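All remarks here apply to the structure that follows.
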Amino acid sequence: MATKYSPLSFTVFSSLLLILLATTSFSAQAIKAGHGFSSIKEATVHDIQLAFKQNQLSSRKLVELYLKQISRLNPVLKGVLEVNPDALYQADKADHERKSKAPGSLSPLHGIPILLKDNIATKDKLNSTAGSYALLGSVVPRDAGVVTKLRKAGAIILGKATLSEWSNYRSNRAPNGWSARGGKGKSPYTMGDPCGSSSGPAISVAANMAAVSLGTETDGSILCPSSYNLVVGIKPTVGLTSRAGVIPISPRQDTVGPICRTVADAVYVLDAIVGIDHYDNATIEISQYIPKGGYAQFLKADGLQAKRVGIVRDPFYNFGNDTIATRTVEQHLKTLRKQGTILVDNLKLANMVEIFGSSDEGTALAAEFKIYINAYLKELVASPVRSLADLIAFNKKNSKLEMLEEYGQDQFVEAEATNGIGNAEKAALANLAKLTREGFVKLMTKTKLDALVTPGSSVSYILAIGGFPGVIVPAGYDSDGVPFGLSFGGLKGSEPKLIEIAYGFEQATKIRKPPKFKF
């Protein structure tokens, strides 16, 4: 059963945690024995596992370090919504298992703390609310499919990360990273817009408040916050990871993927969460794309060799007067060439005007959201709301709490006005399929591309409407000092090649640096 926390629960927790940690002699430096693990700052899964193996670190100590970092930074950054009261218990369990099981028999994620976006259900003491007070105290029937797989891998559920409320599907006016429960999240690099809707997972790993995290994307919600927070994000092929138990927008576009500091860490998380889940039928067909031996085998330093990567200049490379971003991206393209990539430049998307001028995605999503959010709410074991109409009424009744006057709920109202998949929706869905077929698919197949490379997350719409995968890797900063990444997108099931390309680019450039705090 989910615990009903008051709005002050995190503040109270932080105070208690600081008292707890002040009474121990443990610190990041305290575990620096010899050349062992010395700090959680930018620590990778490999670093942590090596420290476990060398008895330089325990999962309990690791969780304590992350909790301390959360208590220090989260009051300003607002990347974490709740911490798991059972995290230390799970850590003790992991430490015991590590001692009793054969070396090499455990998953790379065993004993590793992970934060989950707050639209991913957990059947424990944590809430699953999409950042809204409407679902506070609701009880889910079971763990989300991806959470079941994470627990099986031995990961520690550290807590829930903030997000743009309802995954940016309540209102067009609400700012990125804002939710009624979590407040306004901030990028640790700019103290400004973190992008969304998986803002909390990106903020938290960027600021070293968690080892790894899990986000979701319908259109841009992994790629964009990863870009703005200088981290790695993987948007998997739709259906490669289960969406069961994830508060939905549209199963046609929704996908669950990792947001981490390195490509390797993101791949370890991906390996843990892919596969068949009988609560999500799409995973059955899409599981054919999962390579034997998993995805970690594609972490190759020479992964860029002989890959065909396409460049569509218009509209993706229009930087305006930003000469810094222009120079940075062109330098990265030179690096790709030096590493053996075959760049196919100046390509055109034949139907670009129609793609970006279409309103069909909005038409389809409105009807789909009403259908699938109603189904999700009805399946809850206990909940104060059971339908989209109930959510709208809740927001009106609790308008101050949900900041209704400031941000409204126009997307909710628009969706409630739909009546299933009618002629307009069918026409929209058919046109989206046509745009995809005659645009991205034709471009990729005709020119025999392994990937399309684009700055930032500008390609997200094309990947979203087709259910295609994308990986984004830190690339640098624009003239305003805002971080951005380089995205590599491909056809369904192309994750192995995208991972090779992304990892090769990351290793050749190593752009990511942790944020510097002035508070």
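If you're wondering about the labels, chains in the structure tokens are A, B, ... by order shown, residues count from 1 in each chain, ligands from 1 in order shown.
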10 Å contact set for Val459 in chain A, only C-alpha atoms, chain neighbours under 2 positions out, as a PDB file with all heavy atoms, in the first residue's frame:
```pdb
ATOM      1  N   ASP A 219       6.956  11.697 -26.630  1.00  0.00           N
ATOM      2  CA  ASP A 219       7.548  12.501 -27.696  1.00  0.00           C
ATOM      3  C   ASP A 219       8.550  13.455 -27.073  1.00  0.00           C
ATOM      4  O   ASP A 219       8.186  14.527 -26.589  1.00  0.00           O
ATOM      5  CB  ASP A 219       6.459  13.273 -28.447  1.00  0.00           C
ATOM      6  CG  ASP A 219       7.002  14.042 -29.649  1.00  0.00           C
ATOM      7  OD1 ASP A 219       8.227  14.261 -29.703  1.00  0.00           O
ATOM      8  OD2 ASP A 219       6.202  14.435 -30.525  1.00  0.00           O
ATOM      9  N   GLY A 220       9.813  13.060 -27.025  1.00  0.00           N
ATOM     10  CA  GLY A 220      10.887  13.928 -26.545  1.00  0.00           C
ATOM     11  C   GLY A 220      11.194  13.877 -25.069  1.00  0.00           C
ATOM     12  O   GLY A 220      12.134  14.528 -24.611  1.00  0.00           O
ATOM     13  N   LEU A 223      14.739  12.195 -24.487  1.00  0.00           N
ATOM     14  CA  LEU A 223      15.789  12.837 -25.272  1.00  0.00           C
ATOM     15  C   LEU A 223      16.008  14.292 -24.866  1.00  0.00           C
ATOM     16  O   LEU A 223      17.153  14.734 -24.728  1.00  0.00           O
ATOM     17  CB  LEU A 223      15.451  12.751 -26.765  1.00  0.00           C
ATOM     18  CG  LEU A 223      15.366  11.345 -27.365  1.00  0.00           C
ATOM     19  CD1 LEU A 223      14.982  11.409 -28.835  1.00  0.00           C
ATOM     20  CD2 LEU A 223      16.688  10.592 -27.198  1.00  0.00           C
ATOM     21  N   CYS A 224      14.935  15.057 -24.667  1.00  0.00           N
ATOM     22  CA  CYS A 224      15.089  16.488 -24.369  1.00  0.00           C
ATOM     23  C   CYS A 224      15.708  16.752 -22.993  1.00  0.00           C
ATOM     24  O   CYS A 224      16.694  17.499 -22.901  1.00  0.00           O
ATOM     25  CB  CYS A 224      13.756  17.211 -24.516  1.00  0.00           C
ATOM     26  SG  CYS A 224      13.919  19.012 -24.425  1.00  0.00           S
ATOM     27  N   PRO A 315      15.453  20.622 -41.238  1.00  0.00           N
ATOM     28  CA  PRO A 315      15.549  21.787 -40.357  1.00  0.00           C
ATOM     29  C   PRO A 315      16.450  21.583 -39.141  1.00  0.00           C
ATOM     30  O   PRO A 315      16.518  22.456 -38.283  1.00  0.00           O
ATOM     31  CB  PRO A 315      14.102  21.922 -39.885  1.00  0.00           C
ATOM     32  CG  PRO A 315      13.647  20.494 -39.725  1.00  0.00           C
ATOM     33  CD  PRO A 315      14.345  19.725 -40.822  1.00  0.00           C
ATOM     34  N   PHE A 316      17.143  20.452 -39.066  1.00  0.00           N
ATOM     35  CA  PHE A 316      17.755  20.061 -37.794  1.00  0.00           C
ATOM     36  C   PHE A 316      19.035  20.813 -37.429  1.00  0.00           C
ATOM     37  O   PHE A 316      19.434  20.824 -36.271  1.00  0.00           O
ATOM     38  CB  PHE A 316      18.033  18.558 -37.787  1.00  0.00           C
ATOM     39  CG  PHE A 316      16.801  17.722 -37.964  1.00  0.00           C
ATOM     40  CD1 PHE A 316      16.664  16.876 -39.056  1.00  0.00           C
ATOM     41  CD2 PHE A 316      15.761  17.795 -37.053  1.00  0.00           C
ATOM     42  CE1 PHE A 316      15.528  16.111 -39.222  1.00  0.00           C
ATOM     43  CE2 PHE A 316      14.613  17.037 -37.211  1.00  0.00           C
ATOM     44  CZ  PHE A 316      14.490  16.191 -38.300  1.00  0.00           C
ATOM     45  N   LEU A 452      20.528   8.310 -38.133  1.00  0.00           N
ATOM     46  CA  LEU A 452      20.457   9.726 -38.490  1.00  0.00           C
ATOM     47  C   LEU A 452      20.998  10.493 -37.295  1.00  0.00           C
ATOM     48  O   LEU A 452      20.595  10.236 -36.157  1.00  0.00           O
ATOM     49  CB  LEU A 452      19.006  10.124 -38.761  1.00  0.00           C
ATOM     50  CG  LEU A 452      18.763  11.527 -39.327  1.00  0.00           C
ATOM     51  CD1 LEU A 452      19.253  11.595 -40.772  1.00  0.00           C
ATOM     52  CD2 LEU A 452      17.281  11.877 -39.259  1.00  0.00           C
ATOM     53  N   VAL A 453      21.922  11.428 -37.530  1.00  0.00           N
ATOM     54  CA  VAL A 453      22.498  12.207 -36.434  1.00  0.00           C
ATOM     55  C   VAL A 453      21.920  13.614 -36.456  1.00  0.00           C
ATOM     56  O   VAL A 453      21.892  14.276 -37.496  1.00  0.00           O
ATOM     57  CB  VAL A 453      24.039  12.235 -36.485  1.00  0.00           C
ATOM     58  CG1 VAL A 453      24.573  12.827 -37.789  1.00  0.00           C
ATOM     59  CG2 VAL A 453      24.606  12.993 -35.282  1.00  0.00           C
ATOM     60  N   THR A 454      21.435  14.075 -35.302  1.00  0.00           N
ATOM     61  CA  THR A 454      20.821  15.397 -35.195  1.00  0.00           C
ATOM     62  C   THR A 454      21.216  16.044 -33.871  1.00  0.00           C
ATOM     63  O   THR A 454      21.351  15.360 -32.854  1.00  0.00           O
ATOM     64  CB  THR A 454      19.284  15.311 -35.262  1.00  0.00           C
ATOM     65  OG1 THR A 454      18.833  14.313 -34.336  1.00  0.00           O
ATOM     66  CG2 THR A 454      18.804  14.940 -36.655  1.00  0.00           C
ATOM     67  N   PRO A 455      21.383  17.358 -33.858  1.00  0.00           N
ATOM     68  CA  PRO A 455      21.697  18.054 -32.598  1.00  0.00           C
ATOM     69  C   PRO A 455      20.466  18.136 -31.691  1.00  0.00           C
ATOM     70  O   PRO A 455      19.338  18.275 -32.168  1.00  0.00           O
ATOM     71  CB  PRO A 455      22.114  19.453 -33.053  1.00  0.00           C
ATOM     72  CG  PRO A 455      22.270  19.378 -34.533  1.00  0.00           C
ATOM     73  CD  PRO A 455      21.400  18.269 -34.997  1.00  0.00           C
ATOM     74  N   GLY A 456      20.692  18.059 -30.383  1.00  0.00           N
ATOM     75  CA  GLY A 456      19.600  18.166 -29.421  1.00  0.00           C
ATOM     76  C   GLY A 456      18.571  17.071 -29.606  1.00  0.00           C
ATOM     77  O   GLY A 456      18.879  15.962 -30.040  1.00  0.00           O
ATOM     78  N   SER A 457      17.323  17.410 -29.287  1.00  0.00           N
ATOM     79  CA  SER A 457      16.239  16.416 -29.384  1.00  0.00           C
ATOM     80  C   SER A 457      15.253  16.766 -30.486  1.00  0.00           C
ATOM     81  O   SER A 457      14.102  16.344 -30.472  1.00  0.00           O
ATOM     82  CB  SER A 457      15.497  16.339 -28.040  1.00  0.00           C
ATOM     83  OG  SER A 457      14.951  17.611 -27.706  1.00  0.00           O
ATOM     84  N   TYR A 461      10.084  14.130 -32.627  1.00  0.00           N
ATOM     85  CA  TYR A 461       8.755  13.964 -33.219  1.00  0.00           C
ATOM     86  C   TYR A 461       8.749  12.845 -34.255  1.00  0.00           C
ATOM     87  O   TYR A 461       7.849  12.001 -34.276  1.00  0.00           O
ATOM     88  CB  TYR A 461       8.296  15.280 -33.856  1.00  0.00           C
ATOM     89  CG  TYR A 461       6.988  15.179 -34.608  1.00  0.00           C
ATOM     90  CD1 TYR A 461       5.792  14.932 -33.943  1.00  0.00           C
ATOM     91  CD2 TYR A 461       6.951  15.331 -35.989  1.00  0.00           C
ATOM     92  CE1 TYR A 461       4.585  14.838 -34.634  1.00  0.00           C
ATOM     93  CE2 TYR A 461       5.759  15.244 -36.694  1.00  0.00           C
ATOM     94  CZ  TYR A 461       4.579  14.997 -36.012  1.00  0.00           C
ATOM     95  OH  TYR A 461       3.386  14.893 -36.699  1.00  0.00           O
ATOM     96  N   ILE A 462       9.775  12.815 -35.094  1.00  0.00           N
ATOM     97  CA  ILE A 462       9.863  11.781 -36.135  1.00  0.00           C
ATOM     98  C   ILE A 462      10.019  10.400 -35.511  1.00  0.00           C
ATOM     99  O   ILE A 462       9.389   9.429 -35.940  1.00  0.00           O
ATOM    100  CB  ILE A 462      11.025  12.101 -37.098  1.00  0.00           C
ATOM    101  CG1 ILE A 462      10.637  13.299 -37.975  1.00  0.00           C
ATOM    102  CG2 ILE A 462      11.383  10.895 -37.953  1.00  0.00           C
ATOM    103  CD1 ILE A 462      11.758  13.821 -38.828  1.00  0.00           C
ATOM    104  N   LEU A 463      10.858  10.301 -34.496  1.00  0.00           N
ATOM    105  CA  LEU A 463      11.044   9.017 -33.809  1.00  0.00           C
ATOM    106  C   LEU A 463       9.780   8.619 -33.055  1.00  0.00           C
ATOM    107  O   LEU A 463       9.428   7.436 -32.987  1.00  0.00           O
ATOM    108  CB  LEU A 463      12.228   9.096 -32.840  1.00  0.00           C
ATOM    109  CG  LEU A 463      13.594   9.442 -33.451  1.00  0.00           C
ATOM    110  CD1 LEU A 463      14.668   9.436 -32.360  1.00  0.00           C
ATOM    111  CD2 LEU A 463      13.973   8.480 -34.571  1.00  0.00           C
ATOM    112  N   ALA A 464       9.077   9.599 -32.504  1.00  0.00           N
ATOM    113  CA  ALA A 464       7.884   9.327 -31.696  1.00  0.00           C
ATOM    114  C   ALA A 464       6.750   8.736 -32.521  1.00  0.00           C
ATOM    115  O   ALA A 464       6.171   7.710 -32.154  1.00  0.00           O
ATOM    116  CB  ALA A 464       7.410  10.608 -31.008  1.00  0.00           C
ATOM    117  N   GLY A 470      16.042   6.002 -30.216  1.00  0.00           N
ATOM    118  CA  GLY A 470      17.055   7.044 -30.310  1.00  0.00           C
ATOM    119  C   GLY A 470      17.943   7.026 -29.080  1.00  0.00           C
ATOM    120  O   GLY A 470      17.503   6.641 -27.996  1.00  0.00           O
ATOM    121  N   SER A 487      21.924  13.425 -30.973  1.00  0.00           N
ATOM    122  CA  SER A 487      21.009  12.278 -31.033  1.00  0.00           C
ATOM    123  C   SER A 487      21.330  11.386 -32.219  1.00  0.00           C
ATOM    124  O   SER A 487      21.639  11.872 -33.317  1.00  0.00           O
ATOM    125  CB  SER A 487      19.556  12.757 -31.166  1.00  0.00           C
ATOM    126  OG  SER A 487      19.112  13.402 -30.011  1.00  0.00           O
ATOM    127  N   PHE A 488      21.225  10.087 -31.985  1.00  0.00           N
ATOM    128  CA  PHE A 488      21.365   9.101 -33.050  1.00  0.00           C
ATOM    129  C   PHE A 488      20.069   8.293 -33.098  1.00  0.00           C
ATOM    130  O   PHE A 488      19.744   7.604 -32.130  1.00  0.00           O
ATOM    131  CB  PHE A 488      22.560   8.188 -32.789  1.00  0.00           C
ATOM    132  CG  PHE A 488      23.861   8.933 -32.677  1.00  0.00           C
ATOM    133  CD1 PHE A 488      24.370   9.295 -31.433  1.00  0.00           C
ATOM    134  CD2 PHE A 488      24.575   9.304 -33.814  1.00  0.00           C
ATOM    135  CE1 PHE A 488      25.565  10.007 -31.321  1.00  0.00           C
ATOM    136  CE2 PHE A 488      25.769  10.012 -33.707  1.00  0.00           C
ATOM    137  CZ  PHE A 488      26.267  10.368 -32.456  1.00  0.00           C
ATOM    138  N   GLY A 489      19.324   8.424 -34.186  1.00  0.00           N
ATOM    139  CA  GLY A 489      18.043   7.732 -34.318  1.00  0.00           C
ATOM    140  C   GLY A 489      18.090   6.704 -35.420  1.00  0.00           C
ATOM    141  O   GLY A 489      18.806   6.863 -36.422  1.00  0.00           O
TER     142      GLY A 489
END
```
Write out as a PyMOL selection string which residues come within 12 Å of Leu429 in chain A when counting only C-alpha atoms, dropping same-chain ones fewer than 5 positions away.
-> chain A and resi 252-253+358-368+421-424+434-436+465-466
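Distances from A:Ala428, A:Ala502, A:Val147, A:Ala91 to Asp302 in chain A were compared using only C-alpha atoms, and the smallest one belongs to A:Ala502.
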DSSP-assigned alpha helix (DSSP H) among range 166-306 of chain A, expressed as a VMD selection string = chain A and resid 166 to 168 199 to 206 223 to 228 263 to 273 282 to 286
A:Lys68, A:Asp271, A:Tyr477, A:Asn374: which is nearest Gln297 in chain A, counting only C-alpha atoms?
->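 Among the listed residues, A:Asp271 lies closest to Gln297 in chain A.
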Exercise: Tyr66 in chain A partners within 10 Å, only C-alpha atoms, chain neighbours under 6 positions left out, as a list in words |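 Contacts, in chain order: Ile40, Lys41, Arg72, Pro113, Leu158, Asn208, Met209, Ala210 and Ala211 of chain A.
The shortest atom-to-atom distance to His46 in chain A, with only C-alpha atoms taken into account, belongs to A:Ala264 out of A:Ala130, A:Val385, A:Ala206, A:Ala264.
Every residue of range 417-505 of chain A found in strand (DSSP E or B) when DSSP is run on the backbone appears here: A:Ala451, A:Leu452, A:Val453, A:Thr454, A:Pro455, A:Gly470, A:Val471, A:Ile472, A:Val473, A:Pro474, A:Ala475, A:Gly476, A:Tyr477, A:Pro483, A:Phe484, A:Gly485, A:Leu486, A:Ser487, A:Phe488, A:Gly489.
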Could you turn the residues from that selection into a file that holds N, CA, C and O atoms, as a PDB file, in the first residue's frame?
```
ATOM      1  N   ALA A 451      22.040   5.133 -38.962  1.00  0.00           N
ATOM      2  CA  ALA A 451      21.467   6.112 -38.035  1.00  0.00           C
ATOM      3  C   ALA A 451      21.374   7.470 -38.707  1.00  0.00           C
ATOM      4  O   ALA A 451      22.049   7.740 -39.712  1.00  0.00           O
ATOM      5  N   LEU A 452      20.528   8.310 -38.133  1.00  0.00           N
ATOM      6  CA  LEU A 452      20.457   9.726 -38.490  1.00  0.00           C
ATOM      7  C   LEU A 452      20.998  10.493 -37.295  1.00  0.00           C
ATOM      8  O   LEU A 452      20.595  10.236 -36.157  1.00  0.00           O
ATOM      9  N   VAL A 453      21.922  11.428 -37.530  1.00  0.00           N
ATOM     10  CA  VAL A 453      22.498  12.207 -36.434  1.00  0.00           C
ATOM     11  C   VAL A 453      21.920  13.614 -36.456  1.00  0.00           C
ATOM     12  O   VAL A 453      21.892  14.276 -37.496  1.00  0.00           O
ATOM     13  N   THR A 454      21.435  14.075 -35.302  1.00  0.00           N
ATOM     14  CA  THR A 454      20.821  15.397 -35.195  1.00  0.00           C
ATOM     15  C   THR A 454      21.216  16.044 -33.871  1.00  0.00           C
ATOM     16  O   THR A 454      21.351  15.360 -32.854  1.00  0.00           O
ATOM     17  N   PRO A 455      21.383  17.358 -33.858  1.00  0.00           N
ATOM     18  CA  PRO A 455      21.697  18.054 -32.598  1.00  0.00           C
ATOM     19  C   PRO A 455      20.466  18.136 -31.691  1.00  0.00           C
ATOM     20  O   PRO A 455      19.338  18.275 -32.168  1.00  0.00           O
ATOM     21  N   GLY A 470      16.042   6.002 -30.216  1.00  0.00           N
ATOM     22  CA  GLY A 470      17.055   7.044 -30.310  1.00  0.00           C
ATOM     23  C   GLY A 470      17.943   7.026 -29.080  1.00  0.00           C
ATOM     24  O   GLY A 470      17.503   6.641 -27.996  1.00  0.00           O
ATOM     25  N   VAL A 471      19.189   7.415 -29.263  1.00  0.00           N
ATOM     26  CA  VAL A 471      20.138   7.542 -28.147  1.00  0.00           C
ATOM     27  C   VAL A 471      20.749   8.930 -28.224  1.00  0.00           C
ATOM     28  O   VAL A 471      21.166   9.374 -29.296  1.00  0.00           O
ATOM     29  N   ILE A 472      20.792   9.628 -27.100  1.00  0.00           N
ATOM     30  CA  ILE A 472      21.395  10.956 -27.070  1.00  0.00           C
ATOM     31  C   ILE A 472      22.590  10.959 -26.124  1.00  0.00           C
ATOM     32  O   ILE A 472      22.552  10.342 -25.052  1.00  0.00           O
ATOM     33  N   VAL A 473      23.660  11.617 -26.562  1.00  0.00           N
ATOM     34  CA  VAL A 473      24.937  11.635 -25.838  1.00  0.00           C
ATOM     35  C   VAL A 473      25.375  13.095 -25.655  1.00  0.00           C
ATOM     36  O   VAL A 473      25.195  13.915 -26.562  1.00  0.00           O
ATOM     37  N   PRO A 474      25.943  13.449 -24.501  1.00  0.00           N
ATOM     38  CA  PRO A 474      26.398  14.833 -24.300  1.00  0.00           C
ATOM     39  C   PRO A 474      27.309  15.321 -25.415  1.00  0.00           C
ATOM     40  O   PRO A 474      28.224  14.604 -25.848  1.00  0.00           O
ATOM     41  N   ALA A 475      27.041  16.569 -25.881  1.00  0.00           N
ATOM     42  CA  ALA A 475      27.816  17.125 -27.002  1.00  0.00           C
ATOM     43  C   ALA A 475      28.487  18.451 -26.676  1.00  0.00           C
ATOM     44  O   ALA A 475      29.473  18.814 -27.308  1.00  0.00           O
ATOM     45  N   GLY A 476      27.938  19.217 -25.703  1.00  0.00           N
ATOM     46  CA  GLY A 476      28.549  20.502 -25.389  1.00  0.00           C
ATOM     47  C   GLY A 476      27.536  21.505 -24.887  1.00  0.00           C
ATOM     48  O   GLY A 476      26.500  21.129 -24.323  1.00  0.00           O
ATOM     49  N   TYR A 477      27.823  22.785 -25.120  1.00  0.00           N
ATOM     50  CA  TYR A 477      26.988  23.877 -24.622  1.00  0.00           C
ATOM     51  C   TYR A 477      26.766  24.888 -25.741  1.00  0.00           C
ATOM     52  O   TYR A 477      27.644  25.107 -26.581  1.00  0.00           O
ATOM     53  N   PRO A 483      23.496  23.135 -21.887  1.00  0.00           N
ATOM     54  CA  PRO A 483      24.008  21.901 -22.467  1.00  0.00           C
ATOM     55  C   PRO A 483      23.118  21.385 -23.598  1.00  0.00           C
ATOM     56  O   PRO A 483      21.920  21.680 -23.646  1.00  0.00           O
ATOM     57  N   PHE A 484      23.706  20.634 -24.493  1.00  0.00           N
ATOM     58  CA  PHE A 484      22.916  19.915 -25.489  1.00  0.00           C
ATOM     59  C   PHE A 484      23.644  18.634 -25.874  1.00  0.00           C
ATOM     60  O   PHE A 484      24.846  18.492 -25.645  1.00  0.00           O
ATOM     61  N   GLY A 485      22.888  17.716 -26.431  1.00  0.00           N
ATOM     62  CA  GLY A 485      23.448  16.435 -26.832  1.00  0.00           C
ATOM     63  C   GLY A 485      23.377  16.226 -28.327  1.00  0.00           C
ATOM     64  O   GLY A 485      22.853  17.056 -29.074  1.00  0.00           O
ATOM     65  N   LEU A 486      23.927  15.124 -28.763  1.00  0.00           N
ATOM     66  CA  LEU A 486      23.825  14.689 -30.152  1.00  0.00           C
ATOM     67  C   LEU A 486      22.981  13.421 -30.158  1.00  0.00           C
ATOM     68  O   LEU A 486      23.269  12.474 -29.413  1.00  0.00           O
ATOM     69  N   SER A 487      21.924  13.425 -30.973  1.00  0.00           N
ATOM     70  CA  SER A 487      21.009  12.278 -31.033  1.00  0.00           C
ATOM     71  C   SER A 487      21.330  11.386 -32.219  1.00  0.00           C
ATOM     72  O   SER A 487      21.639  11.872 -33.317  1.00  0.00           O
ATOM     73  N   PHE A 488      21.225  10.087 -31.985  1.00  0.00           N
ATOM     74  CA  PHE A 488      21.365   9.101 -33.050  1.00  0.00           C
ATOM     75  C   PHE A 488      20.069   8.293 -33.098  1.00  0.00           C
ATOM     76  O   PHE A 488      19.744   7.604 -32.130  1.00  0.00           O
ATOM     77  N   GLY A 489      19.324   8.424 -34.186  1.00  0.00           N
ATOM     78  CA  GLY A 489      18.043   7.732 -34.318  1.00  0.00           C
ATOM     79  C   GLY A 489      18.090   6.704 -35.420  1.00  0.00           C
ATOM     80  O   GLY A 489      18.806   6.863 -36.422  1.00  0.00           O
TER      81      GLY A 489
END
```
Compile the contact shell of range 304-307 of chain A as JSON, numbers by chain: residues with an atom at most 9 Å away, counting only C-alpha atoms, same-chain residues fewer than 3 positions apart removed.
-> {"A": [300, 301, 336, 337, 339, 340, 341, 342, 343, 449, 450, 451, 497, 500, 501, 502, 503, 504, 505]}
Close residues, Lys448 in chain A itself excluded, 8 Å, only C-alpha atoms, min 3 positions apart in chain, as a list in words | Arg308, Met444 and Thr445 of chain A
Between CA of Gly182 in chain A and CA of Tyr268 in chain A - distance in Å to one decimal | 28.2 Å
For CA of Arg386 in chain A and CA of Lys370 in chain A, quote the distance in Å rounded to one decimal.
-> 11.7 Å
Extract, using only C-alpha atoms, all DNA, RNA and protein residues at most 10 Å from Gly185 in chain A, discarding same-chain residues fewer than 4 positions from it, and format them as a list in words.
-> Asn74, Pro75, Val76, Leu77, Lys78, Gly79, Val80, Thr162, Leu163, Ser164, Pro175, Asn176, Gly177, Trp178, Ser179, Met191, Gly192, Asp193, Pro194, Cys195, Gly196, Ser199, Gly200, Ile203 and Ser204 of chain A
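Closest approach to Ala282 in chain A among A:Ser213, A:Ser38, A:Asn168, A:Thr237 is made by A:Thr237 (distances from only C-alpha atoms).
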